[in-house]
Amino acid sequence: MNLRRLFWDNPELRRNLSLELTAGRLLWTPAFLLVAVGLCFLPDQPVKDLVQIAQWVVVGLWMVGGMVWGGLRAAQSVRSERTERTWDSQRLTAMSAGEFAVGKVFGATAHSLYLQVVLGCFWAVLSFMRFQLDPSETTLRAAVIVPTTLVVGSIALYSLMVAQSFLETDPARSAKSTLFSFGVPLVSAIYLASHFWSDLLIERQGWRAVVGDSKLVSWWGVSLPGPELQLASLLLFLPWAWFGLWRALRRDLQHADFPWAWPAFLVFTGAYVQGFSTAFPGESSRVVPLCMIPLAVLGWGFLLTENIDPMGLRRLVDASGSWRERLRLGIPFSWVTMPLVAAASFVAAGVWWLGDWSDASEFWSLLAGVGLIALRDLILFTWISCRVPLARQGLSRMALLVGIHVFLPVLTMLVSVKFHLVWPYPQDIDEIDGPQMVLVNLGSLGAQALLAWAVLGPSLWRRIREV
């Protein structure tokens, strides 16, 4: 990788920098921030309280100017070029996907990044003043953790927003794109500042509530304070954000894709979340399957939103060669994620079944039930994608979700008070009729999955072969 070509000799980056960092912006940005922070010291109050108010103003400006406004600028960087029909001419140049990625992320948001650099300088000065008034190691640590977390989070957010712009089908008229452009930066800003609000708005005891005496969080046996773990997590996911942007650009430029990208990201996400299982007390903490939470959220999310093309499935079926060729053609995301959910459920259920832990029988029966409904829902939603017209697929998926996960369980409870017939249910085998209840629960869910595949599978196969 040629870093000089990516940054110094990058024509896209230099073009955006010349447009974003004008002489006026370079001058009035620090002047405006100096006035905003200086106004905080006008009230007749103790200097320590005034410094805290100034820090609150800096974080607020960082959220609004750095996160929300910068994220919106990143989302509009590609959208505006496509609207003005200048992106097609850029694609014809000899620039690589990496050069485009650097130019869009650091170029289109250059003013927001410059704003954050200036805010970081103000934060350092205010932290030094805070340290003079309240000398402690935690004050200096917070002076580094807060700006680093916000800058790293901003870069990751900008990468995701630019990648989302490349994946849009109709960026000029999409209401969802507008909501995404405003909503995601706002939620990200609130999340990144969540560890700081208790000290800035409520506590008056310095930065010990933020760093020094905050509760330690265990991740794979390593205990870290909340803000430091947040920063470490952002650093772990930042390469994936960049890789997602790079992959979206390569797809838009019609370059070869990476078939292992999505499975590798699922494994990484599952391993990351699974690391927090060591934070739970008890002898069974090492096998709490927390990795299933992100897999399940992503899996059912794809079932609701992904449009599976029957022609794409036909190409996968007729693909010659190894599974690598099928992966290159692109297996639907739901067909990668949901089998992983089912496999993780069955493996975790087996571990709990063989383990000699308290409440093991309740947990393994629940996990096995989750795996069965994952297989059932996979064929149901895939059948809708291949058999229902595209205009009615969204409503059909939502109706199916509400019907099988809300209406059917409630109706079953009202009629027979047997919730476990249609939904995974934790049942202790040692209780009276416990084995029979577990057998009925898993038997009912297994019968639903088997019936769904037996009835809809042949119909889905005929649909794939006839396109």
# chains A, B, ... in the order shown; residues from 1 in each chain; ligands from 1
call {"tool": "residues_around", "arguments": {"residues": "A:Val102", "least_positions_apart": "5", "cutoff": "9 Å", "atoms": "only C-alpha atoms", "output": "list in words"}}
result
Leu6, Phe7, Asn10, Glu12, Leu13, Ala97 and Gly107 of chain A
call {"tool": "write_last_selection", "arguments": {"atoms": "C-alpha atoms", "output": "mmCIF file, in the first residue's frame"}}
result
data_model
loop_
_atom_site.group_PDB
_atom_site.id
_atom_site.type_symbol
_atom_site.label_atom_id
_atom_site.label_comp_id
_atom_site.auth_asym_id
_atom_site.auth_seq_id
_atom_site.Cartn_x
_atom_site.Cartn_y
_atom_site.Cartn_z
ATOM 1 C CA LEU A 6 -3.277 7.568 -0.844
ATOM 2 C CA PHE A 7 -2.773 10.894 0.926
ATOM 3 C CA ASN A 10 -4.329 11.856 -3.993
ATOM 4 C CA GLU A 12 -9.525 13.588 -4.967
ATOM 5 C CA LEU A 13 -8.309 14.457 -1.486
ATOM 6 C CA ALA A 97 -10.914 2.460 -4.576
ATOM 7 C CA GLY A 107 -11.707 15.461 1.970
#
call {"tool": "residues_around", "arguments": {"residues": "stretch 346-355 of chain A", "least_positions_apart": "3", "cutoff": "6 Å", "atoms": "only C-alpha atoms", "output": "mmCIF file with C-alpha atoms, in the first residue's frame"}}
result
data_model
loop_
_atom_site.group_PDB
_atom_site.id
_atom_site.type_symbol
_atom_site.label_atom_id
_atom_site.label_comp_id
_atom_site.auth_asym_id
_atom_site.auth_seq_id
_atom_site.Cartn_x
_atom_site.Cartn_y
_atom_site.Cartn_z
ATOM 1 C CA ALA A 343 -25.619 -23.505 14.367
ATOM 2 C CA ALA A 360 -28.701 -25.750 32.541
ATOM 3 C CA TRP A 364 -30.344 -25.416 26.572
ATOM 4 C CA LEU A 367 -31.315 -22.170 22.820
ATOM 5 C CA ALA A 368 -32.455 -25.189 20.843
#
call {"tool": "atom_distance", "arguments": {"atom1": "atom CA of A:Trp246", "atom2": "atom CA of A:Ala156"}}
result
12.7 Å
call {"tool": "closest_residue", "arguments": {"among": "A:Ala94, A:Leu253, A:Val51, A:Leu61", "to": "A:Gln132", "atoms": "only C-alpha atoms"}}
result
A:Val51
call {"tool": "residues_around", "arguments": {"residues": "A:Val297", "least_positions_apart": "6", "cutoff": "10 Å", "atoms": "only C-alpha atoms", "output": "ChimeraX atom specification"}}
result
/A:337-338,341
call {"tool": "atom_distance", "arguments": {"atom1": "atom CA of A:Asp9", "atom2": "atom CA of A:Leu21"}}
result
17.4 Å
